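Working notes for the structure below.
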Amino acid sequence: MAEINLLIDRSRRDEELEKKIPLLKPVIRIKCGFLFEGTEIPRIAIVDTGAHTSVIPFRFWRNMNVEILAKHYTAGIVPGKKIPVNVGYITGKLVDSEGNESKEIQFLSYLSFTNKITLLLGMRDLLEKFDLHLKFSENKAWLKEYNNL
């Protein structure tokens, strides 16, 4: 049963909004390493607690053997625009800076045709296999695999 430590990143700021609201706090992102099937270098992904489906930039999936389930679009990545995507499953492992790694996981994913987006891991596939733990006051977050996996 793996426990994967997550990084709480408070480094991103909205400088334009801070000009209007001087005491605005930084944007909070939860991140982890993701090791795509067949690769050796983990990539940093945002664990997107508001996303049901993962979003994969083109550079990560273009040379993978991915079964395309449908052609579709996604909205919300670029405000006011729909972005065309393929939909398919991506397989990989979650990894952390301490060397902990999960079993392989399949993520239903929007496969983007651009690299101008961030790697996002959607919560649905994570929450079916992991409990999400947050101790925000201690700047800690982690995922713990269910016992029955």
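Identifiers in the structure tokens: chain A, B, ... in order shown; residue index from 1 per chain; ligand index from 1 in order shown.
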Long-range neighbours of A:Asn65 as a PyMOL selection string, 10 Å cut-off, only C-alpha atoms, 3 positions minimum in chain: chain A and resi 37+61-62+68+89-90
If we count only C-alpha atoms and set the cut-off at 12 Å, which residues sit around A:Glu145, ignoring sequence neighbours fewer than 3 positions away in its own chain? Please answer as a PyMOL selection string. chain A and resi 1-5+94+100-105+125-133+142+148-149
Take the selection from the previous step and output its residues with N, CA and C atoms, as a short mmCIF file (atom, residue, chain, number, x, y, z; two decimals), in the first residue's frame.
```
data_model
loop_
_atom_site.label_atom_id
_atom_site.label_comp_id
_atom_site.auth_asym_id
_atom_site.auth_seq_id
_atom_site.Cartn_x
_atom_site.Cartn_y
_atom_site.Cartn_z
N MET A 1 0.85 -1.18 0.00
CA MET A 1 0.00 0.00 0.00
C MET A 1 0.89 1.24 0.00
N ALA A 2 0.84 1.99 -1.07
CA ALA A 2 1.72 3.15 -1.22
C ALA A 2 1.11 4.40 -0.62
N GLU A 3 2.00 5.23 -0.15
CA GLU A 3 1.64 6.57 0.29
C GLU A 3 2.51 7.53 -0.51
N ILE A 4 1.89 8.42 -1.25
CA ILE A 4 2.59 9.34 -2.13
C ILE A 4 2.48 10.75 -1.56
N ASN A 5 3.61 11.33 -1.23
CA ASN A 5 3.62 12.70 -0.72
C ASN A 5 3.42 13.69 -1.86
N LEU A 94 2.29 7.36 -9.97
CA LEU A 94 2.57 8.55 -9.18
C LEU A 94 3.87 8.31 -8.44
N ASN A 100 8.87 7.07 -3.28
CA ASN A 100 7.65 6.27 -3.19
C ASN A 100 6.95 6.30 -4.54
N GLU A 101 6.40 5.16 -4.95
CA GLU A 101 5.63 5.15 -6.19
C GLU A 101 4.42 4.26 -6.05
N SER A 102 3.39 4.60 -6.78
CA SER A 102 2.14 3.85 -6.77
C SER A 102 2.22 2.69 -7.76
N LYS A 103 1.21 1.86 -7.72
CA LYS A 103 1.02 0.88 -8.79
C LYS A 103 0.64 1.66 -10.05
N GLU A 104 0.67 0.99 -11.20
CA GLU A 104 0.25 1.66 -12.43
C GLU A 104 -1.22 2.01 -12.35
N ILE A 105 -1.54 3.18 -12.88
CA ILE A 105 -2.91 3.69 -12.88
C ILE A 105 -3.26 4.09 -14.30
N ASP A 125 -10.08 9.45 -11.30
CA ASP A 125 -9.26 8.23 -11.32
C ASP A 125 -8.41 8.10 -10.07
N LEU A 126 -8.01 9.22 -9.49
CA LEU A 126 -7.23 9.16 -8.25
C LEU A 126 -8.10 8.74 -7.07
N LEU A 127 -9.28 9.32 -6.95
CA LEU A 127 -10.12 9.04 -5.79
C LEU A 127 -10.72 7.64 -5.82
N GLU A 128 -10.72 6.98 -6.97
CA GLU A 128 -11.16 5.59 -7.02
C GLU A 128 -10.12 4.65 -6.44
N LYS A 129 -8.88 5.12 -6.28
CA LYS A 129 -7.78 4.28 -5.81
C LYS A 129 -7.08 4.79 -4.55
N PHE A 130 -7.25 6.08 -4.26
CA PHE A 130 -6.53 6.71 -3.16
C PHE A 130 -7.46 7.53 -2.28
N ASP A 131 -7.06 7.65 -1.02
CA ASP A 131 -7.64 8.67 -0.14
C ASP A 131 -6.73 9.87 -0.23
N LEU A 132 -7.31 11.06 -0.34
CA LEU A 132 -6.56 12.30 -0.37
C LEU A 132 -6.55 12.87 1.04
N HIS A 133 -5.35 13.17 1.53
CA HIS A 133 -5.18 13.74 2.87
C HIS A 133 -4.53 15.11 2.76
N TRP A 142 -0.95 14.27 0.97
CA TRP A 142 -0.51 12.98 0.49
C TRP A 142 -1.71 12.16 0.01
N ASN A 148 -7.56 -2.42 -0.53
CA ASN A 148 -8.00 -3.51 -1.39
C ASN A 148 -7.36 -3.50 -2.77
N LEU A 149 -6.33 -2.70 -2.99
CA LEU A 149 -5.68 -2.68 -4.31
C LEU A 149 -4.56 -3.69 -4.38
#
```
Atom CA of A:Ile117 sits from atom CA of A:Phe34 at a separation of 15.8 Å
DSSP on the backbone, strand (DSSP E) only: what residues of chain A does that give? Format it as an mmCIF file with N, CA and C atoms, in the first residue's frame.
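Output file states.cif follows:
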```cif
data_model
loop_
_atom_site.group_PDB
_atom_site.id
_atom_site.type_symbol
_atom_site.label_atom_id
_atom_site.label_comp_id
_atom_site.auth_asym_id
_atom_site.auth_seq_id
_atom_site.Cartn_x
_atom_site.Cartn_y
_atom_site.Cartn_z
ATOM 1 N N GLU A 3 2.002 5.228 -0.149
ATOM 2 C CA GLU A 3 1.637 6.569 0.291
ATOM 3 C C GLU A 3 2.513 7.528 -0.505
ATOM 4 N N ILE A 4 1.890 8.422 -1.255
ATOM 5 C CA ILE A 4 2.594 9.342 -2.130
ATOM 6 C C ILE A 4 2.481 10.748 -1.559
ATOM 7 N N ASN A 5 3.614 11.334 -1.233
ATOM 8 C CA ASN A 5 3.620 12.700 -0.718
ATOM 9 C C ASN A 5 3.418 13.685 -1.859
ATOM 10 N N LEU A 6 2.610 14.687 -1.614
ATOM 11 C CA LEU A 6 2.311 15.718 -2.596
ATOM 12 C C LEU A 6 2.963 17.025 -2.164
ATOM 13 N N LEU A 7 3.182 17.890 -3.115
ATOM 14 C CA LEU A 7 3.771 19.193 -2.850
ATOM 15 C C LEU A 7 2.679 20.245 -2.882
ATOM 16 N N ILE A 8 2.590 21.049 -1.842
ATOM 17 C CA ILE A 8 1.691 22.199 -1.853
ATOM 18 C C ILE A 8 2.513 23.389 -2.328
ATOM 19 N N ASP A 9 2.173 23.891 -3.491
ATOM 20 C CA ASP A 9 2.922 24.972 -4.137
ATOM 21 C C ASP A 9 2.147 26.277 -3.991
ATOM 22 N N ARG A 29 -1.523 25.313 -5.448
ATOM 23 C CA ARG A 29 -1.589 24.146 -6.324
ATOM 24 C C ARG A 29 -1.004 22.949 -5.593
ATOM 25 N N ILE A 30 -1.618 21.795 -5.813
ATOM 26 C CA ILE A 30 -1.107 20.548 -5.265
ATOM 27 C C ILE A 30 -0.471 19.792 -6.422
ATOM 28 N N LYS A 31 0.792 19.370 -6.243
ATOM 29 C CA LYS A 31 1.541 18.744 -7.336
ATOM 30 C C LYS A 31 2.128 17.407 -6.910
ATOM 31 N N CYS A 32 2.391 16.576 -7.914
ATOM 32 C CA CYS A 32 3.103 15.326 -7.670
ATOM 33 C C CYS A 32 3.845 14.936 -8.949
ATOM 34 N N GLY A 33 4.740 13.967 -8.819
ATOM 35 C CA GLY A 33 5.432 13.441 -9.982
ATOM 36 C C GLY A 33 4.580 12.376 -10.648
ATOM 37 N N PHE A 34 4.640 12.339 -11.974
ATOM 38 C CA PHE A 34 3.916 11.319 -12.733
ATOM 39 C C PHE A 34 4.879 10.700 -13.718
ATOM 40 N N LEU A 35 5.003 9.398 -13.661
ATOM 41 C CA LEU A 35 5.901 8.655 -14.531
ATOM 42 C C LEU A 35 5.048 7.940 -15.580
ATOM 43 N N PHE A 36 5.092 8.441 -16.820
ATOM 44 C CA PHE A 36 4.326 7.831 -17.898
ATOM 45 C C PHE A 36 4.869 6.439 -18.182
ATOM 46 N N ARG A 43 7.389 13.464 -14.563
ATOM 47 C CA ARG A 43 6.980 14.826 -14.915
ATOM 48 C C ARG A 43 6.146 15.383 -13.769
ATOM 49 N N ILE A 44 6.251 16.666 -13.535
ATOM 50 C CA ILE A 44 5.461 17.292 -12.478
ATOM 51 C C ILE A 44 4.065 17.568 -13.010
ATOM 52 N N ALA A 45 3.065 17.111 -12.256
ATOM 53 C CA ALA A 45 1.670 17.276 -12.638
ATOM 54 C C ALA A 45 0.924 17.991 -11.522
ATOM 55 N N ILE A 46 -0.069 18.758 -11.908
ATOM 56 C CA ILE A 46 -0.971 19.353 -10.933
ATOM 57 C C ILE A 46 -2.067 18.339 -10.641
ATOM 58 N N VAL A 47 -2.267 18.039 -9.372
ATOM 59 C CA VAL A 47 -3.377 17.196 -8.950
ATOM 60 C C VAL A 47 -4.565 18.143 -8.862
ATOM 61 N N ASP A 48 -5.413 18.106 -9.858
ATOM 62 C CA ASP A 48 -6.468 19.100 -10.012
ATOM 63 C C ASP A 48 -7.740 18.616 -9.331
ATOM 64 N N SER A 54 -8.166 13.928 -16.624
ATOM 65 C CA SER A 54 -6.804 14.438 -16.753
ATOM 66 C C SER A 54 -6.642 15.152 -18.099
ATOM 67 N N VAL A 55 -5.666 16.056 -18.169
ATOM 68 C CA VAL A 55 -5.346 16.775 -19.396
ATOM 69 C C VAL A 55 -3.860 16.568 -19.665
ATOM 70 N N ILE A 56 -3.540 16.022 -20.835
ATOM 71 C CA ILE A 56 -2.167 15.657 -21.157
ATOM 72 C C ILE A 56 -1.675 16.494 -22.349
ATOM 73 N N ILE A 68 -7.351 5.834 -28.941
ATOM 74 C CA ILE A 68 -8.234 6.995 -28.961
ATOM 75 C C ILE A 68 -9.675 6.497 -28.871
ATOM 76 N N LEU A 69 -10.379 6.928 -27.844
ATOM 77 C CA LEU A 69 -11.760 6.502 -27.637
ATOM 78 C C LEU A 69 -12.747 7.416 -28.348
ATOM 79 N N ALA A 70 -12.402 8.705 -28.446
ATOM 80 C CA ALA A 70 -13.309 9.676 -29.069
ATOM 81 C C ALA A 70 -12.556 10.957 -29.376
ATOM 82 N N LYS A 71 -13.091 11.690 -30.316
ATOM 83 C CA LYS A 71 -12.648 13.063 -30.542
ATOM 84 C C LYS A 71 -13.631 13.930 -29.786
ATOM 85 N N HIS A 72 -13.131 14.975 -29.110
ATOM 86 C CA HIS A 72 -13.991 15.760 -28.236
ATOM 87 C C HIS A 72 -13.413 17.165 -28.128
ATOM 88 N N TYR A 73 -13.805 17.864 -27.115
ATOM 89 C CA TYR A 73 -13.250 19.190 -26.806
ATOM 90 C C TYR A 73 -13.304 19.370 -25.300
ATOM 91 N N THR A 74 -12.533 20.290 -24.799
ATOM 92 C CA THR A 74 -12.599 20.649 -23.395
ATOM 93 C C THR A 74 -12.650 22.163 -23.299
ATOM 94 N N ALA A 75 -13.273 22.643 -22.267
ATOM 95 C CA ALA A 75 -13.384 24.078 -22.028
ATOM 96 C C ALA A 75 -12.845 24.365 -20.635
ATOM 97 N N LYS A 82 -13.157 26.645 -26.477
ATOM 98 C CA LYS A 82 -13.184 25.188 -26.468
ATOM 99 C C LYS A 82 -11.941 24.714 -27.214
ATOM 100 N N ILE A 83 -11.257 23.752 -26.649
ATOM 101 C CA ILE A 83 -10.037 23.228 -27.248
ATOM 102 C C ILE A 83 -10.305 21.807 -27.731
ATOM 103 N N PRO A 84 -10.031 21.506 -29.011
ATOM 104 C CA PRO A 84 -10.235 20.139 -29.487
ATOM 105 C C PRO A 84 -9.216 19.193 -28.841
ATOM 106 N N VAL A 85 -9.682 18.000 -28.494
ATOM 107 C CA VAL A 85 -8.829 16.982 -27.878
ATOM 108 C C VAL A 85 -9.250 15.604 -28.370
ATOM 109 N N ASN A 86 -8.349 14.658 -28.240
ATOM 110 C CA ASN A 86 -8.713 13.252 -28.306
ATOM 111 C C ASN A 86 -8.950 12.800 -26.877
ATOM 112 N N VAL A 87 -9.734 11.767 -26.712
ATOM 113 C CA VAL A 87 -9.963 11.199 -25.389
ATOM 114 C C VAL A 87 -9.457 9.768 -25.405
ATOM 115 N N GLY A 88 -8.654 9.417 -24.417
ATOM 116 C CA GLY A 88 -8.110 8.072 -24.316
ATOM 117 C C GLY A 88 -7.553 7.840 -22.923
ATOM 118 N N TYR A 89 -7.003 6.679 -22.715
ATOM 119 C CA TYR A 89 -6.415 6.347 -21.419
ATOM 120 C C TYR A 89 -4.901 6.470 -21.490
ATOM 121 N N ILE A 90 -4.337 7.073 -20.450
ATOM 122 C CA ILE A 90 -2.889 7.165 -20.259
ATOM 123 C C ILE A 90 -2.563 6.330 -19.023
ATOM 124 N N THR A 91 -1.485 5.587 -19.072
ATOM 125 C CA THR A 91 -1.072 4.755 -17.944
ATOM 126 C C THR A 91 0.234 5.277 -17.372
ATOM 127 N N GLY A 92 0.341 5.258 -16.055
ATOM 128 C CA GLY A 92 1.567 5.680 -15.409
ATOM 129 C C GLY A 92 1.497 5.481 -13.911
ATOM 130 N N LYS A 93 2.550 5.940 -13.231
ATOM 131 C CA LYS A 93 2.650 5.819 -11.780
ATOM 132 C C LYS A 93 2.834 7.196 -11.161
ATOM 133 N N LEU A 94 2.292 7.363 -9.973
ATOM 134 C CA LEU A 94 2.569 8.550 -9.178
ATOM 135 C C LEU A 94 3.874 8.308 -8.438
ATOM 136 N N VAL A 95 4.722 9.312 -8.383
ATOM 137 C CA VAL A 95 5.989 9.195 -7.664
ATOM 138 C C VAL A 95 6.198 10.464 -6.851
ATOM 139 N N ILE A 105 -1.542 3.176 -12.881
ATOM 140 C CA ILE A 105 -2.905 3.694 -12.878
ATOM 141 C C ILE A 105 -3.261 4.094 -14.301
ATOM 142 N N GLN A 106 -4.484 3.804 -14.694
ATOM 143 C CA GLN A 106 -4.997 4.313 -15.964
ATOM 144 C C GLN A 106 -5.810 5.562 -15.686
ATOM 145 N N PHE A 107 -5.511 6.630 -16.427
ATOM 146 C CA PHE A 107 -6.235 7.882 -16.292
ATOM 147 C C PHE A 107 -6.998 8.161 -17.578
ATOM 148 N N LEU A 108 -8.312 8.336 -17.474
ATOM 149 C CA LEU A 108 -9.067 8.835 -18.608
ATOM 150 C C LEU A 108 -8.579 10.260 -18.854
ATOM 151 N N SER A 109 -8.185 10.554 -20.081
ATOM 152 C CA SER A 109 -7.482 11.804 -20.337
ATOM 153 C C SER A 109 -7.952 12.508 -21.595
ATOM 154 N N TYR A 110 -7.964 13.833 -21.478
ATOM 155 C CA TYR A 110 -8.078 14.678 -22.655
ATOM 156 C C TYR A 110 -6.669 14.808 -23.205
ATOM 157 N N LEU A 111 -6.466 14.348 -24.420
ATOM 158 C CA LEU A 111 -5.152 14.361 -25.052
ATOM 159 C C LEU A 111 -5.078 15.593 -25.948
ATOM 160 N N SER A 112 -4.376 16.591 -25.462
ATOM 161 C CA SER A 112 -4.332 17.895 -26.108
ATOM 162 C C SER A 112 -3.471 17.873 -27.371
ATOM 163 N N LEU A 120 -2.258 17.960 -16.084
ATOM 164 C CA LEU A 120 -3.236 17.908 -14.990
ATOM 165 C C LEU A 120 -3.703 16.482 -14.776
ATOM 166 N N LEU A 121 -3.712 16.051 -13.529
ATOM 167 C CA LEU A 121 -4.267 14.736 -13.193
ATOM 168 C C LEU A 121 -5.637 14.958 -12.567
ATOM 169 N N GLY A 122 -6.662 14.415 -13.215
ATOM 170 C CA GLY A 122 -8.029 14.560 -12.727
ATOM 171 C C GLY A 122 -8.288 13.700 -11.502
ATOM 172 N N PHE A 130 -7.252 6.076 -4.256
ATOM 173 C CA PHE A 130 -6.532 6.710 -3.156
ATOM 174 C C PHE A 130 -7.458 7.533 -2.278
ATOM 175 N N ASP A 131 -7.064 7.651 -1.020
ATOM 176 C CA ASP A 131 -7.636 8.665 -0.139
ATOM 177 C C ASP A 131 -6.728 9.873 -0.228
ATOM 178 N N LEU A 132 -7.314 11.056 -0.339
ATOM 179 C CA LEU A 132 -6.560 12.305 -0.368
ATOM 180 C C LEU A 132 -6.545 12.872 1.038
ATOM 181 N N HIS A 133 -5.348 13.171 1.529
ATOM 182 C CA HIS A 133 -5.180 13.735 2.868
ATOM 183 C C HIS A 133 -4.533 15.109 2.756
ATOM 184 N N LEU A 134 -5.093 16.064 3.484
ATOM 185 C CA LEU A 134 -4.535 17.413 3.524
ATOM 186 C C LEU A 134 -4.410 17.857 4.970
ATOM 187 N N LYS A 135 -3.241 18.333 5.324
ATOM 188 C CA LYS A 135 -3.022 19.037 6.586
ATOM 189 C C LYS A 135 -2.451 20.392 6.182
ATOM 190 N N LYS A 140 1.152 20.035 4.382
ATOM 191 C CA LYS A 140 1.328 18.637 4.014
ATOM 192 C C LYS A 140 0.117 18.138 3.235
ATOM 193 N N ALA A 141 0.394 17.298 2.266
ATOM 194 C CA ALA A 141 -0.660 16.623 1.517
ATOM 195 C C ALA A 141 -0.102 15.291 1.043
ATOM 196 N N TRP A 142 -0.948 14.269 0.973
ATOM 197 C CA TRP A 142 -0.506 12.976 0.486
ATOM 198 C C TRP A 142 -1.706 12.164 0.010
ATOM 199 N N LEU A 143 -1.398 11.179 -0.811
ATOM 200 C CA LEU A 143 -2.369 10.208 -1.288
ATOM 201 C C LEU A 143 -2.002 8.856 -0.691
ATOM 202 N N LYS A 144 -2.998 8.129 -0.233
ATOM 203 C CA LYS A 144 -2.758 6.812 0.337
ATOM 204 C C LYS A 144 -3.639 5.806 -0.393
ATOM 205 N N GLU A 145 -2.991 4.775 -0.968
ATOM 206 C CA GLU A 145 -3.731 3.756 -1.705
ATOM 207 C C GLU A 145 -4.676 3.007 -0.775
#
```
Step one, run DSSP on the backbone; step two, keep only residues of chain A assigned to helix (DSSP H, G or I); then write them as a list in words. Glu15, Glu16, Leu17, Glu18, Lys19, Lys20, Phe58, Arg59, Phe60, Trp61, Met123, Arg124, Asp125, Leu126, Leu127, Phe136, Ser137 and Glu138 of chain A
Can you list, as JSON, numbers by chain, every protein, DNA or RNA residue that comes within 10 Å of A:Asn115 when you count only C-alpha atoms, leaving out same-chain residues fewer than 5 positions away? {"A": [56, 57, 58, 59, 60]}
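Atom CA of A:Lys20 is found 22.6 Å from atom CA of A:Gly80.
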Between atom CA of A:Thr39 and atom CA of A:Val66, what distance in Å does the model show, to one decimal?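 Rounded to one decimal, the two atoms are 14.3 Å apart.
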Calculated over only C-alpha atoms, which of the candidates A:Lys81, A:Arg10, A:Lys116, A:Lys25 has the smallest distance to A:Phe136?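 Ranked by minimum distance to A:Phe136, first place goes to A:Arg10.
With only C-alpha atoms as the basis for measurement, A:Met123 is the residue among A:Thr118, A:Glu67, A:Glu18, A:Met123 that approaches A:Gly50 most closely.
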